[in-house]
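Below is one structure, written out as structure tokens; comments come after it.
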Amino acid sequence: MSTAAAFILKDFLDRKVQQYDQPAFIPRDPVCIPHLFTKPADIEIAAFFAAVFAWGNRTIIINKSRQLMQLMDNAPHDFILHHTTEDLKRLLMFKHRTFNATDLLYFIHFLRYHYSKYQSLESAFTMHLNGNEEEPVMQALVNFHHYFFSLAEAPIRTKKHIATPEKGSNCKRLNMFLRWMVREDNNGVDFGIWNTIKPSQLICPVDVHVARVAKRLGLLQRKQTDWSAAIELTQHLRTLDADDPVKYDFALFGLGVMEKYY
């Protein structure tokens, strides 16, 4: 891509970021669920579930996430740490697509195990990072997957709900979750409450809409929408903004979902 073409593309995408990275974006996106809370641990837990549920119709995703928060008395961190067996019974009928009560009970079991030792879910991703990784987010996602399923009670079926680059997944939902937690956003959409991973190190979430737009704009050549595609796209975005490449997720997502810019 020539210097002039790169400048034109950057200007176009920067304007689209300004258009979509706005408070008006929040109510119709799963990010609205963590925005229900102010306590950091509540924000993390709400964001984690909303991200895990984020495939398919956005209205259904939001409604199901909100339903789960209500089942947790709209105090997810307190519920995670202090629930009783009786409290868990109200969760047995919860289901979102292929995510069922078996998965939910294990998620809660793991979160209770983690939060009984750590104040933040950030450490679940970053506890084994040493600062020398070329792509720390890749290692963080691999570490998290191993840690999440390290408990003896982990059901095999639940593993499909936590992606890992080790299996080639683009980890779209977890990369979106990390964007929410890590990226510093003056417009108040992303939270920026974690600081071990830097915004410059984030990997762009890639779904079918983002991939189609990225290919049209010449930012992605790879046919498969896998981890290598997420890395390829992010490397191109880093040439447009090395400090905050994943801000362009707003532009690519908006162009794809809102404008059908294929």
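In the structure tokens, each chain is lettered A, B, ... as it comes, each chain's residues begin at 1, and ligands are numbered from 1 in order of appearance.
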
request  = Identify all residues of region 8-236 of chain A in alpha helix (DSSP H) (DSSP on the backbone) and supply them as a PyMOL selection string.
outcome  = chain A and resi 8-20+40-52+58-71+76-82+85-89+101-115+122-126+136-148+172-182+208-216+227-236

Counting only C-alpha atoms, which residues of region 201-223 of chain A sit at most 8 Å from some atom of region 152-176 of chain A, and what is each one's closest atom pair with its distance in Å to one decimal, listed by chain and rising residue number, as JSON lines?
{"residue": "A:Leu202", "atom": "CA", "partner": "A:Asn175", "partner_atom": "CA", "distance": 7.4}
{"residue": "A:Ile203", "atom": "CA", "partner": "A:Asn175", "partner_atom": "CA", "distance": 6.2}
{"residue": "A:Cys204", "atom": "CA", "partner": "A:Asn175", "partner_atom": "CA", "distance": 6.6}
{"residue": "A:Pro205", "atom": "CA", "partner": "A:Lys172", "partner_atom": "CA", "distance": 4.4}
{"residue": "A:Val206", "atom": "CA", "partner": "A:Lys172", "partner_atom": "CA", "distance": 5.4}
{"residue": "A:Asp207", "atom": "CA", "partner": "A:Lys172", "partner_atom": "CA", "distance": 6.5}

Pull N, CA and C atoms from the residues just selected and write them as an mmCIF file, in the first residue's frame.
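The resulting file, part.cif, is reproduced below:
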data_model
loop_
_atom_site.group_PDB
_atom_site.id
_atom_site.type_symbol
_atom_site.label_atom_id
_atom_site.label_comp_id
_atom_site.auth_asym_id
_atom_site.auth_seq_id
_atom_site.Cartn_x
_atom_site.Cartn_y
_atom_site.Cartn_z
ATOM 1 N N LEU A 202 -3.009 -5.326 22.276
ATOM 2 C CA LEU A 202 -4.274 -6.015 22.059
ATOM 3 C C LEU A 202 -4.370 -6.562 20.634
ATOM 4 N N ILE A 203 -5.176 -7.611 20.484
ATOM 5 C CA ILE A 203 -5.446 -8.217 19.185
ATOM 6 C C ILE A 203 -6.888 -7.894 18.794
ATOM 7 N N CYS A 204 -7.064 -7.478 17.553
ATOM 8 C CA CYS A 204 -8.399 -7.072 17.113
ATOM 9 C C CYS A 204 -9.363 -8.261 17.077
ATOM 10 N N PRO A 205 -10.534 -8.134 17.685
ATOM 11 C CA PRO A 205 -11.555 -9.183 17.542
ATOM 12 C C PRO A 205 -11.971 -9.301 16.077
ATOM 13 N N VAL A 206 -12.082 -10.521 15.591
ATOM 14 C CA VAL A 206 -12.431 -10.738 14.189
ATOM 15 C C VAL A 206 -13.653 -11.640 14.114
ATOM 16 N N ASP A 207 -14.738 -11.119 13.564
ATOM 17 C CA ASP A 207 -15.879 -11.959 13.220
ATOM 18 C C ASP A 207 -16.090 -11.854 11.724
#

Which one is closest to Gln18 (chain A): A:Asp103, A:Val213, A:Ala242, A:Asn187? Count only C-alpha atoms.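 Of the candidates, the smallest distance to Gln18 (chain A) is held by A:Asn187.
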
*Pick from A:Leu13, A:Ser2, A:Pro30, A:Pro23, whichever lies nearest to Leu240 (chain A) using only C-alpha atoms*: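 Counting only C-alpha atoms, the residue closest to Leu240 (chain A) is A:Leu13.
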
Quiz item: Which neighbours of Pro27 (chain A) fall inside 12 Å, counting only C-alpha atoms, when residues of the same chain fewer than 4 positions from it are skipped, and could you give them as a PyMOL selection string?
Solution: chain A and resi 22-23+31-36+58-59+62-63+189

Across A:Tyr20, A:Phe110, A:Phe94, A:Trp194, the smallest distance to Glu44 (chain A), with only C-alpha atoms counted, is shown by A:Trp194

| said: My list of candidates is A:Val142, A:His96, A:Ala6, A:Ala124. Which is closest to Ala54 (chain A) when distances are computed with only C-alpha atoms? | reply: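 Checking each of A:Val142, A:His96, A:Ala6, A:Ala124 against Ala54 (chain A), counting only C-alpha atoms, the winner is A:His96.
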
Pick the closest to Gly256 (chain A) from A:Arg216, A:Ile80, A:Ser116, A:Glu232: which is it, counting only C-alpha atoms?
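Ranking A:Arg216, A:Ile80, A:Ser116, A:Glu232 by distance to Gly256 (chain A), first place goes to A:Arg216.
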
Review point. What is the CA of Ala46 (chain A)-CA of Leu237 (chain A) distance in Å, reported with one decimal?
Key: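 Result for CA of Ala46 (chain A) versus CA of Leu237 (chain A): 28.2 Å, one decimal.
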
From the list A:Lys89, A:Lys247, A:Arg179, A:His82, the nearest residue to Arg112 (chain A) using only C-alpha atoms is A:His82
